[in-house]
Amino acid sequence: MAKPFLSIERLTQQFPDGAGGTLTVFENSTFGVEKGEFVCILGHSGCGKSTIMNILAGLAEPTSGVVKMDGMHVSGPSLDRGVVFQNYSLLPWLSALKNVTFGVAARHKDWSKKQVEDHARQYLAMVGLEGDVVHRKPSQLSGGMRQRVSIARAFANQPKLLLLDEPFGALDALTRGTIQDELIKVWSQTEQTVFMITHDIDEAILLADRILLMTNGPFARVAESVEITIPRPRNRTEIVEHPNYYAIRNHLVQFLGQRSLELAGQKSDQDDQSPQSVVIDKTKDDTDPEPAPALQAVVNE
Amino acid sequence: MFANLDARSTLLSVAIFVVGLLIWHAATHVPDTGPIGVQLSQEQRDTLLAANMSGEDIDTYAAEGVAYAQLEQIANLGLSRAMIEAAGGIRALGISVPDENSAPAPGSLFPSPALIGKELWATITDPFYVNGTNDMGFGIQMGYSLLRVVIGYTLAAAVAIPLGFLIGMSPLFFRALDPYIQVLKPISPLAWMPIALFTIGDSELSSLFVIFICSLWPMLTNTAFGVANVRSDWVNVARTHELGSMRTALTVILPAAAPTIITGMRISIGIAWLVIVAAEMLVGGTGIGYVVWNEWNGLRLDRMIVAILFIGVVGMLLDAAFARLQRAVAYSE
Ligand SMILES: Nc1ncnc2c1ncn2[C@@H]1O[C@H](COP(=O)(O)OP(=O)(O)OP(=O)(O)O)[C@@H](O)[C@H]1O
Ligand SMILES: [Mg+2]
């Protein structure tokens with residue numbers, strides 16, 4: 001089997017636990033992400049999602065294991081991996097526009113000022129920020145607007161991989177919906193590979209091609225990889241009517257509510273901890289005579 | 001009526017100023033009757049006359065400042081003025097009489113507001129005259145002081161800000177240099193002066209050194225603190241954009257730490273201005289601090305007070321300039 005675009009191999013992260021011992025957040029975790037794929041990772045608070053993302057971004061070094069992108073070893077941050085941080089991380093002394101040109105200028109050092117600004121404005125417009133608002137400082141923007149700027153900054157750099165850490169965590173449901181739509185719009189236009197952390201099951205189903213499920217820590221692992229068998233373009237009001245929607249949703253809820261706990265704390269015994277592939281497709285299962293529960297796991301590997 | 005806070009505070013300020021002037025005026029006002037004469041009541045005068053003292057004697061001695069109790073003694077002894085002069089004068093009797101060497105009545109030497117006003121006007125209208133080394137316009141003297149402050153302060157900033165960056169960005173340097181900073185920081189400016197005079201020798205360079213060393217610490221510690229406390233998220237933004245350490249320092253850390261750094265610079269300029277006056281008093285020669293000392297020695301208290309006033313005003317202007325700068329670099333999260 002060919003190596004995926006992004007491959008995480010036997011990744012282990014340990015921290016001092018503060019009482020003299022070590023805390024193993026995850027051990028020998030192995031998974032991959034294909035080019036152009038939109039992957040969401042779901043898991044309980046503290047299981048190590050941000051830790052994984054910081055390693056993917058190159059902002060942190062794992063205790064052991066490697067991350068490869070396009071066959072190249074990831075070490076240190078790079079413009080090829082754009083990050084949208086949980087708390088937006090806009091530079092508060094710069095206007096919205098300047099925050100985006102900051103990134104664009106870093107990527108395209110040979111561009112003229114005008115080129116940089118036009119490019120930045122184009123991406124700000126994609127997330128619905130046009131006109132005078134772009135000259136406002138982050139402190140003068142609403143939380144939703146800030147997050148849009150942050151997304152525009154990341155997309156404007158056209159990184160090979162886009163990493164989003166709970167980008168909508170601090171937003172109200174209405175704003176969240178709008179920006180999710182904008183994110184999908186920008187993503188479908190740019191065909192970037194996206195790796196996104198979220199707490200929100202519905203958000204994950206709406207956005208993702210595939211959802212990675214993490215068990216609780218310590219010794220957390222990516223236990224399952226659930227394919228979202230709902231065709232695009234998806235629409236938040238229509239997907240609930242798709243036959244797969246509730247099947248997938250129930251599976252996710254059941255995992256997070258129950259099995260993430262049951263599977264927690266299992267040591268790896270030196271094995272690669274690859275996730276089980278799960279495909280739930282009721283449109284094909286209809287012919288299946290088995291009166292199985294609504295969810296059915298199909299193990300590939 | 002005065003709903004506006006600005007208007008009310010201005011009014012209060014003016015009121016305090018006026019009241020202060022009035023008190024000052026009252027305390028320094030010298031009555032025209034002369035500084036040393038004694039005023040006798042009609043009753044006292046009658047008593048002395050009744051004791052056979054001549055009216056002329058009473059007036060003469062009273063004008064010289066001999067108190068009533070003493071006049072009464074003289075009258076009771078039946079001494080006439082001719083007899084007293086023959087005996088060697090009123091002091092020969094053991095009676096103390098104020099003369100020009102005696103301590104003046106309180107307030108009589110301290111310049112009145114009117115005098116200060118006059119001197120102030122003279123200074124403002126002609127700040128740059130030169131009548132020899134000890135008599136130059138305050139404008140020129142202020143120029144000397146400001147020049148020293150600017151040179152010493154700029155050197156301090158040139159050292160403190162880069163060094164502060166280094167300390168703030170590197171835990172190694174922070175730990176290594178912290179003990180020295182902690183010990184050197186609290187040393188009084190005036191304690192540096194003898195060391196400087198001894199090691200450097202030249203008094204001009206010594207005052208520059210003292211300005212330098214005293215304005216160094218607030219800038220150094222504030223820069224280090226500001227740089228060390230830049231939110232790691234912002235540094236991560238720089239890292240994910242592959243900015244080199246120089247560009248990160250200039251485009252992310254500097255603007256992020258700027259408010260803290262400018263606060264340090266503002267504290268430092270205040271200290272530098274305090275120190276220059278003290279240093280010039282010690283070193284002498286030129287500068288507004290020397291003026292204060294020189295006028296005090298010449299007992300020109302009016303000029304001394306005007307010089308002090310100017311020190312306050314220039315200090316205020318320096319501070320205001322940095323307050324402006326502070327507002328310019330401030331940001332809200
Ligand atoms: N620098 C660190 N030192 C020690 N322990 C750490 C460090 N960073 C993270 N941890 C621990 O690692 C575990 C995983 O943290 P992480 O931030 O990755 O969780 P998370 O899945 O992102 O949680 P959340 O959903 O709340 O953001 C936690 O138990 C945390 O206490
Ligand atoms: Mg997290």
# chains A, B, ... in the order shown; residues from 1 in each chain; ligands from 1
$ interface_residues --of "chain B" --to "chain A" --cutoff "12 Å" --atoms "only C-alpha atoms" --output "number ranges by chain"
B: 230-244, 247-248, 251-259, 328-333
$ write_last_selection --atoms "C-alpha atoms" --output "tab-separated table (two decimals), in the first residue's frame"
chain	number	residue	atom	x	y	z
B	230	VAL	CA	5.11	37.84	24.63
B	231	ARG	CA	2.25	35.38	24.15
B	232	SER	CA	3.63	32.12	22.83
B	233	ASP	CA	0.74	32.02	20.32
B	234	TRP	CA	2.13	35.09	18.58
B	235	VAL	CA	5.60	33.61	18.50
B	236	ASN	CA	4.06	30.44	17.07
B	237	VAL	CA	2.42	32.52	14.34
B	238	ALA	CA	5.88	33.77	13.42
B	239	ARG	CA	7.28	30.25	13.54
B	240	THR	CA	4.59	28.77	11.30
B	241	HIS	CA	5.35	31.54	8.83
B	242	GLU	CA	9.02	30.59	8.82
B	243	LEU	CA	10.20	34.00	9.96
B	244	GLY	CA	13.85	34.11	10.91
B	247	ARG	CA	12.32	39.14	11.54
B	248	THR	CA	10.44	37.54	14.41
B	251	THR	CA	7.78	42.13	13.39
B	252	VAL	CA	6.28	40.17	16.27
B	253	ILE	CA	8.21	40.48	19.52
B	254	LEU	CA	9.04	44.17	19.25
B	255	PRO	CA	5.47	45.37	18.62
B	256	ALA	CA	4.13	42.90	21.19
B	257	ALA	CA	6.57	44.07	23.87
B	258	ALA	CA	6.60	47.72	22.80
B	259	PRO	CA	4.17	48.99	25.46
B	328	ALA	CA	1.07	55.24	19.92
B	329	VAL	CA	2.31	51.69	20.49
B	330	ALA	CA	-0.50	50.52	22.76
B	331	TYR	CA	-2.81	47.78	21.53
B	332	SER	CA	-5.74	46.02	23.10
B	333	GLU	CA	-6.28	42.31	22.80
$ select_by_dssp --residues "range 126-186 of chain A" --states "strand (DSSP E or B)" --output "list in words"
Leu161, Leu162, Leu163, Leu164 and Asp165 of chain A
$ write_last_selection --atoms "N, CA and C atoms" --output "PDB file, in the first residue's frame"
ATOM      1  N   LEU A 161      -0.897  21.575   3.774  1.00  0.00           N
ATOM      2  CA  LEU A 161      -1.727  20.982   4.825  1.00  0.00           C
ATOM      3  C   LEU A 161      -2.210  22.102   5.729  1.00  0.00           C
ATOM      4  N   LEU A 162      -3.507  22.077   6.016  1.00  0.00           N
ATOM      5  CA  LEU A 162      -4.064  23.105   6.884  1.00  0.00           C
ATOM      6  C   LEU A 162      -4.490  22.453   8.190  1.00  0.00           C
ATOM      7  N   LEU A 163      -4.003  22.995   9.296  1.00  0.00           N
ATOM      8  CA  LEU A 163      -4.304  22.428  10.604  1.00  0.00           C
ATOM      9  C   LEU A 163      -5.196  23.391  11.360  1.00  0.00           C
ATOM     10  N   LEU A 164      -6.345  22.891  11.824  1.00  0.00           N
ATOM     11  CA  LEU A 164      -7.278  23.758  12.548  1.00  0.00           C
ATOM     12  C   LEU A 164      -7.553  23.174  13.925  1.00  0.00           C
ATOM     13  N   ASP A 165      -7.247  23.909  14.976  1.00  0.00           N
ATOM     14  CA  ASP A 165      -7.483  23.425  16.342  1.00  0.00           C
ATOM     15  C   ASP A 165      -8.761  24.054  16.887  1.00  0.00           C
TER      16      ASP A 165
END
$ residues_around --residues "Gly48 in chain A" --least-positions-apart "3" --cutoff "9 Å" --atoms "only C-alpha atoms" --output "list in words"
Gln13, Val25, Phe26, Gly43, His44, Ser45, Thr51, Ile52, Met53, Met214, Asn216, Gly217, Pro218, Ala220 and Arg221 of chain A
$ residues_near_ligand --ligand "ligand 2" --cutoff "7 Å" --atoms "only C-alpha atoms and all ligand atoms" --output "compact mmCIF listing (two decimals) with all heavy atoms, in the first residue's frame"
# COMPACT_ATOMS: atom_id res chain seq x y z
N GLY A 46 -8.47 16.62 26.72
CA GLY A 46 -7.28 16.11 27.41
C GLY A 46 -6.72 14.84 26.83
O GLY A 46 -5.75 14.30 27.35
N LYS A 49 -5.34 15.73 21.52
CA LYS A 49 -5.57 16.22 20.15
C LYS A 49 -4.65 17.39 19.82
O LYS A 49 -4.01 17.42 18.78
CB LYS A 49 -7.04 16.65 19.99
CG LYS A 49 -8.05 15.55 20.33
CD LYS A 49 -9.47 16.01 20.12
CE LYS A 49 -9.91 17.14 21.03
NZ LYS A 49 -10.04 16.77 22.46
N SER A 50 -4.62 18.37 20.73
CA SER A 50 -3.76 19.54 20.46
C SER A 50 -2.30 19.13 20.40
O SER A 50 -1.52 19.70 19.63
CB SER A 50 -3.96 20.59 21.55
OG SER A 50 -5.26 21.08 21.51
N ASP A 165 -7.25 23.91 14.98
CA ASP A 165 -7.48 23.42 16.34
C ASP A 165 -8.76 24.05 16.89
O ASP A 165 -8.77 25.22 17.27
CB ASP A 165 -6.30 23.78 17.25
CG ASP A 165 -6.39 23.09 18.60
OD1 ASP A 165 -7.45 22.50 18.89
OD2 ASP A 165 -5.40 23.13 19.36
$ select_by_dssp --residues "range 7-186 of chain A" --states "helix (DSSP H, G or I)" --output "PyMOL selection string"
chain A and resi 49-57+96-107+113-126+131-135+138-140+143-156+173-186
$ write_last_selection --atoms "C-alpha atoms" --output "PDB file, in the first residue's frame"
ATOM      1  CA  LYS A  49      -5.573  16.221  20.151  1.00  0.00           C
ATOM      2  CA  SER A  50      -3.764  19.536  20.463  1.00  0.00           C
ATOM      3  CA  THR A  51      -0.574  17.678  21.217  1.00  0.00           C
ATOM      4  CA  ILE A  52      -0.863  15.747  17.956  1.00  0.00           C
ATOM      5  CA  MET A  53      -1.609  18.924  16.080  1.00  0.00           C
ATOM      6  CA  ASN A  54       1.353  20.800  17.516  1.00  0.00           C
ATOM      7  CA  ILE A  55       3.558  17.947  16.377  1.00  0.00           C
ATOM      8  CA  LEU A  56       2.038  18.002  12.899  1.00  0.00           C
ATOM      9  CA  ALA A  57       2.581  21.762  12.785  1.00  0.00           C
ATOM     10  CA  ALA A  96      -7.352  42.428   9.832  1.00  0.00           C
ATOM     11  CA  LEU A  97      -5.870  43.106   6.407  1.00  0.00           C
ATOM     12  CA  LYS A  98      -2.342  43.492   7.773  1.00  0.00           C
ATOM     13  CA  ASN A  99      -2.710  40.224   9.657  1.00  0.00           C
ATOM     14  CA  VAL A 100      -3.353  38.463   6.357  1.00  0.00           C
ATOM     15  CA  THR A 101      -0.687  40.356   4.379  1.00  0.00           C
ATOM     16  CA  PHE A 102       1.741  39.446   7.169  1.00  0.00           C
ATOM     17  CA  GLY A 103       1.311  35.807   6.180  1.00  0.00           C
ATOM     18  CA  VAL A 104       1.168  36.385   2.430  1.00  0.00           C
ATOM     19  CA  ALA A 105       4.336  38.489   2.481  1.00  0.00           C
ATOM     20  CA  ALA A 106       6.106  35.757   4.419  1.00  0.00           C
ATOM     21  CA  ARG A 107       5.134  33.197   1.792  1.00  0.00           C
ATOM     22  CA  LYS A 113       3.049  45.302  -1.980  1.00  0.00           C
ATOM     23  CA  LYS A 114       0.044  45.548  -4.264  1.00  0.00           C
ATOM     24  CA  GLN A 115       0.135  41.877  -5.219  1.00  0.00           C
ATOM     25  CA  VAL A 116       0.319  40.920  -1.563  1.00  0.00           C
ATOM     26  CA  GLU A 117      -2.579  43.163  -0.630  1.00  0.00           C
ATOM     27  CA  ASP A 118      -4.780  42.068  -3.537  1.00  0.00           C
ATOM     28  CA  HIS A 119      -4.187  38.431  -2.685  1.00  0.00           C
ATOM     29  CA  ALA A 120      -4.997  39.078   0.988  1.00  0.00           C
ATOM     30  CA  ARG A 121      -8.174  40.973   0.130  1.00  0.00           C
ATOM     31  CA  GLN A 122      -9.276  38.166  -2.143  1.00  0.00           C
ATOM     32  CA  TYR A 123      -9.094  35.629   0.677  1.00  0.00           C
ATOM     33  CA  LEU A 124     -10.710  38.004   3.159  1.00  0.00           C
ATOM     34  CA  ALA A 125     -13.560  38.413   0.684  1.00  0.00           C
ATOM     35  CA  MET A 126     -13.910  34.616   0.501  1.00  0.00           C
ATOM     36  CA  GLY A 131     -14.803  46.990   2.732  1.00  0.00           C
ATOM     37  CA  ASP A 132     -13.814  49.010   5.749  1.00  0.00           C
ATOM     38  CA  VAL A 133     -13.886  46.148   8.259  1.00  0.00           C
ATOM     39  CA  VAL A 134     -10.564  44.892   6.967  1.00  0.00           C
ATOM     40  CA  HIS A 135      -8.891  47.973   8.407  1.00  0.00           C
ATOM     41  CA  PRO A 138      -8.777  42.453  16.031  1.00  0.00           C
ATOM     42  CA  SER A 139     -10.009  44.044  19.266  1.00  0.00           C
ATOM     43  CA  GLN A 140     -12.601  45.914  17.212  1.00  0.00           C
ATOM     44  CA  GLY A 143     -15.181  36.703  17.720  1.00  0.00           C
ATOM     45  CA  GLY A 144     -16.602  35.350  14.470  1.00  0.00           C
ATOM     46  CA  MET A 145     -14.888  38.018  12.399  1.00  0.00           C
ATOM     47  CA  ARG A 146     -11.578  37.307  14.105  1.00  0.00           C
ATOM     48  CA  GLN A 147     -11.873  33.642  13.312  1.00  0.00           C
ATOM     49  CA  ARG A 148     -12.639  34.495   9.684  1.00  0.00           C
ATOM     50  CA  VAL A 149      -9.475  36.590   9.507  1.00  0.00           C
ATOM     51  CA  SER A 150      -7.530  33.725  11.019  1.00  0.00           C
ATOM     52  CA  ILE A 151      -8.932  31.285   8.445  1.00  0.00           C
ATOM     53  CA  ALA A 152      -8.260  33.737   5.621  1.00  0.00           C
ATOM     54  CA  ARG A 153      -4.674  34.104   6.790  1.00  0.00           C
ATOM     55  CA  ALA A 154      -4.149  30.355   6.765  1.00  0.00           C
ATOM     56  CA  PHE A 155      -5.838  29.720   3.404  1.00  0.00           C
ATOM     57  CA  ALA A 156      -4.193  32.709   1.720  1.00  0.00           C
ATOM     58  CA  ALA A 173     -24.092  28.320  16.985  1.00  0.00           C
ATOM     59  CA  LEU A 174     -25.284  30.799  14.349  1.00  0.00           C
ATOM     60  CA  THR A 175     -21.858  32.254  13.627  1.00  0.00           C
ATOM     61  CA  ARG A 176     -20.405  28.777  13.726  1.00  0.00           C
ATOM     62  CA  GLY A 177     -22.798  27.668  10.973  1.00  0.00           C
ATOM     63  CA  THR A 178     -21.936  30.593   8.721  1.00  0.00           C
ATOM     64  CA  ILE A 179     -18.220  30.145   9.080  1.00  0.00           C
ATOM     65  CA  GLN A 180     -18.460  26.392   8.596  1.00  0.00           C
ATOM     66  CA  ASP A 181     -20.128  27.105   5.262  1.00  0.00           C
ATOM     67  CA  GLU A 182     -17.392  29.563   4.387  1.00  0.00           C
ATOM     68  CA  LEU A 183     -14.712  27.078   5.380  1.00  0.00           C
ATOM     69  CA  ILE A 184     -16.255  24.425   3.122  1.00  0.00           C
ATOM     70  CA  LYS A 185     -16.554  26.940   0.294  1.00  0.00           C
ATOM     71  CA  VAL A 186     -12.921  27.975   0.547  1.00  0.00           C
TER      72      VAL A 186
END
$ closest_residue --among "A:Pro275, A:Pro62, A:Gly32, A:Pro159" --to "ligand 1" --atoms "only C-alpha atoms and all ligand atoms"
A:Pro62
$ residues_around --residues "Gly78 in chain B" --least-positions-apart "2" --cutoff "12 Å" --atoms "only C-alpha atoms" --output "PyMOL selection string"
chain B and resi 48-54+57+71-76+80-84
$ write_last_selection --atoms "C-alpha atoms" --output "compact mmCIF listing (two decimals), in the first residue's frame"
# COMPACT_ATOMS: atom_id res chain seq x y z
CA LEU B 48 7.40 105.03 79.80
CA LEU B 49 6.73 108.74 79.66
CA ALA B 50 5.31 108.54 83.17
CA ALA B 51 8.60 106.94 84.25
CA ASN B 52 10.39 110.05 83.05
CA MET B 53 11.80 108.66 79.83
CA SER B 54 11.90 111.27 77.11
CA ASP B 57 14.54 108.39 73.52
CA LEU B 71 12.67 100.05 77.60
CA GLU B 72 10.78 99.70 80.86
CA GLN B 73 13.98 98.56 82.62
CA ILE B 74 15.91 101.52 81.18
CA ALA B 75 13.19 103.90 82.31
CA ASN B 76 13.10 102.35 85.79
CA SER B 80 18.90 108.83 79.64
CA ARG B 81 20.14 108.30 76.10
CA ALA B 82 23.19 110.50 76.70
CA MET B 83 24.20 108.33 79.66
CA ILE B 84 23.78 105.10 77.68
$ closest_residue --among "A:Phe168, A:Phe38, A:Phe5, A:Tyr245" --to "Ile211 in chain A" --atoms "only C-alpha atoms"
A:Phe38
$ atom_distance --atom1 "CA of Val292 in chain B" --atom2 "CA of Met304 in chain B"
5.0 Å
$ residues_around --residues "Pro243 in chain A" --least-positions-apart "5" --cutoff "9 Å" --atoms "only C-alpha atoms" --output "ChimeraX atom specification"
/A:230,281-283
$ residues_around --residues "range 218-227 of chain B" --least-positions-apart "2" --cutoff "6 Å" --atoms "only C-alpha atoms" --output "PDB file with C-alpha atoms, in the first residue's frame"
ATOM      1  CA  ALA B 160      19.490  48.115  27.380  1.00  0.00           C
ATOM      2  CA  GLY B 164      16.897  43.141  27.204  1.00  0.00           C
ATOM      3  CA  PHE B 165      15.861  41.260  24.074  1.00  0.00           C
ATOM      4  CA  ILE B 167      17.761  38.274  28.245  1.00  0.00           C
ATOM      5  CA  GLY B 168      14.059  38.052  27.474  1.00  0.00           C
ATOM      6  CA  LEU B 216      19.861  51.550  32.069  1.00  0.00           C
ATOM      7  CA  ASN B 229       6.098  37.511  28.255  1.00  0.00           C
ATOM      8  CA  VAL B 230       5.108  37.836  24.629  1.00  0.00           C
ATOM      9  CA  ALA B 257       6.570  44.070  23.866  1.00  0.00           C
ATOM     10  CA  THR B 260       6.255  47.431  28.229  1.00  0.00           C
ATOM     11  CA  ILE B 261       9.500  48.661  26.685  1.00  0.00           C
ATOM     12  CA  GLY B 264      10.576  51.284  30.921  1.00  0.00           C
ATOM     13  CA  MET B 265      11.914  54.096  28.744  1.00  0.00           C
ATOM     14  CA  SER B 268      14.226  55.858  32.712  1.00  0.00           C
TER      15      SER B 268
END
$ closest_residue --among "A:Arg234, A:Lys284, A:Lys160, A:His73" --to "Thr190 in chain A" --atoms "only C-alpha atoms"
A:Lys160
$ atom_distance --atom1 "CA of Glu43 in chain B" --atom2 "CA of Glu85 in chain B"
26.7 Å
$ decode --residues "range 186-200 of chain A" --atoms "N, CA, C and O atoms" --output "tab-separated table (two decimals), in the first residue's frame"
chain	number	residue	atom	x	y	z
A	186	VAL	N	-14.33	27.70	0.85
A	186	VAL	CA	-12.92	27.97	0.55
A	186	VAL	C	-12.18	26.67	0.29
A	186	VAL	O	-11.37	26.56	-0.63
A	187	TRP	N	-12.50	25.65	1.09
A	187	TRP	CA	-11.81	24.37	0.94
A	187	TRP	C	-12.09	23.76	-0.43
A	187	TRP	O	-11.19	23.27	-1.11
A	188	SER	N	-13.39	23.81	-0.86
A	188	SER	CA	-13.71	23.18	-2.14
A	188	SER	C	-13.09	23.96	-3.30
A	188	SER	O	-12.82	23.39	-4.35
A	189	GLN	N	-12.84	25.24	-3.11
A	189	GLN	CA	-12.19	26.02	-4.17
A	189	GLN	C	-10.69	25.74	-4.24
A	189	GLN	O	-10.07	25.91	-5.28
A	190	THR	N	-10.11	25.40	-3.09
A	190	THR	CA	-8.66	25.32	-3.06
A	190	THR	C	-8.12	23.90	-3.03
A	190	THR	O	-6.95	23.68	-3.28
A	191	GLU	N	-8.97	22.95	-2.70
A	191	GLU	CA	-8.58	21.53	-2.65
A	191	GLU	C	-7.38	21.30	-1.76
A	191	GLU	O	-6.46	20.56	-2.09
A	192	GLN	N	-7.39	21.97	-0.60
A	192	GLN	CA	-6.31	21.76	0.34
A	192	GLN	C	-6.59	20.55	1.23
A	192	GLN	O	-7.73	20.15	1.39
A	193	THR	N	-5.53	20.01	1.78
A	193	THR	CA	-5.70	18.95	2.75
A	193	THR	C	-5.93	19.60	4.11
A	193	THR	O	-5.18	20.50	4.49
A	194	VAL	N	-6.98	19.16	4.80
A	194	VAL	CA	-7.32	19.81	6.07
A	194	VAL	C	-7.36	18.77	7.18
A	194	VAL	O	-7.93	17.69	7.02
A	195	PHE	N	-6.74	19.14	8.29
A	195	PHE	CA	-6.79	18.30	9.49
A	195	PHE	C	-7.35	19.17	10.60
A	195	PHE	O	-6.77	20.19	10.95
A	196	MET	N	-8.53	18.80	11.11
A	196	MET	CA	-9.23	19.70	12.01
A	196	MET	C	-9.64	18.99	13.30
A	196	MET	O	-10.16	17.89	13.28
A	197	ILE	N	-9.39	19.67	14.41
A	197	ILE	CA	-9.83	19.18	15.71
A	197	ILE	C	-11.19	19.78	16.01
A	197	ILE	O	-11.42	20.96	15.74
A	198	THR	N	-12.08	18.97	16.52
A	198	THR	CA	-13.35	19.55	16.95
A	198	THR	C	-13.94	18.75	18.10
A	198	THR	O	-13.54	17.62	18.37
A	199	HIS	N	-14.86	19.38	18.79
A	199	HIS	CA	-15.61	18.71	19.85
A	199	HIS	C	-17.01	18.36	19.38
A	199	HIS	O	-17.76	17.69	20.07
A	200	ASP	N	-17.34	18.92	18.21
A	200	ASP	CA	-18.74	18.94	17.80
A	200	ASP	C	-18.98	17.86	16.75
A	200	ASP	O	-18.45	17.92	15.64
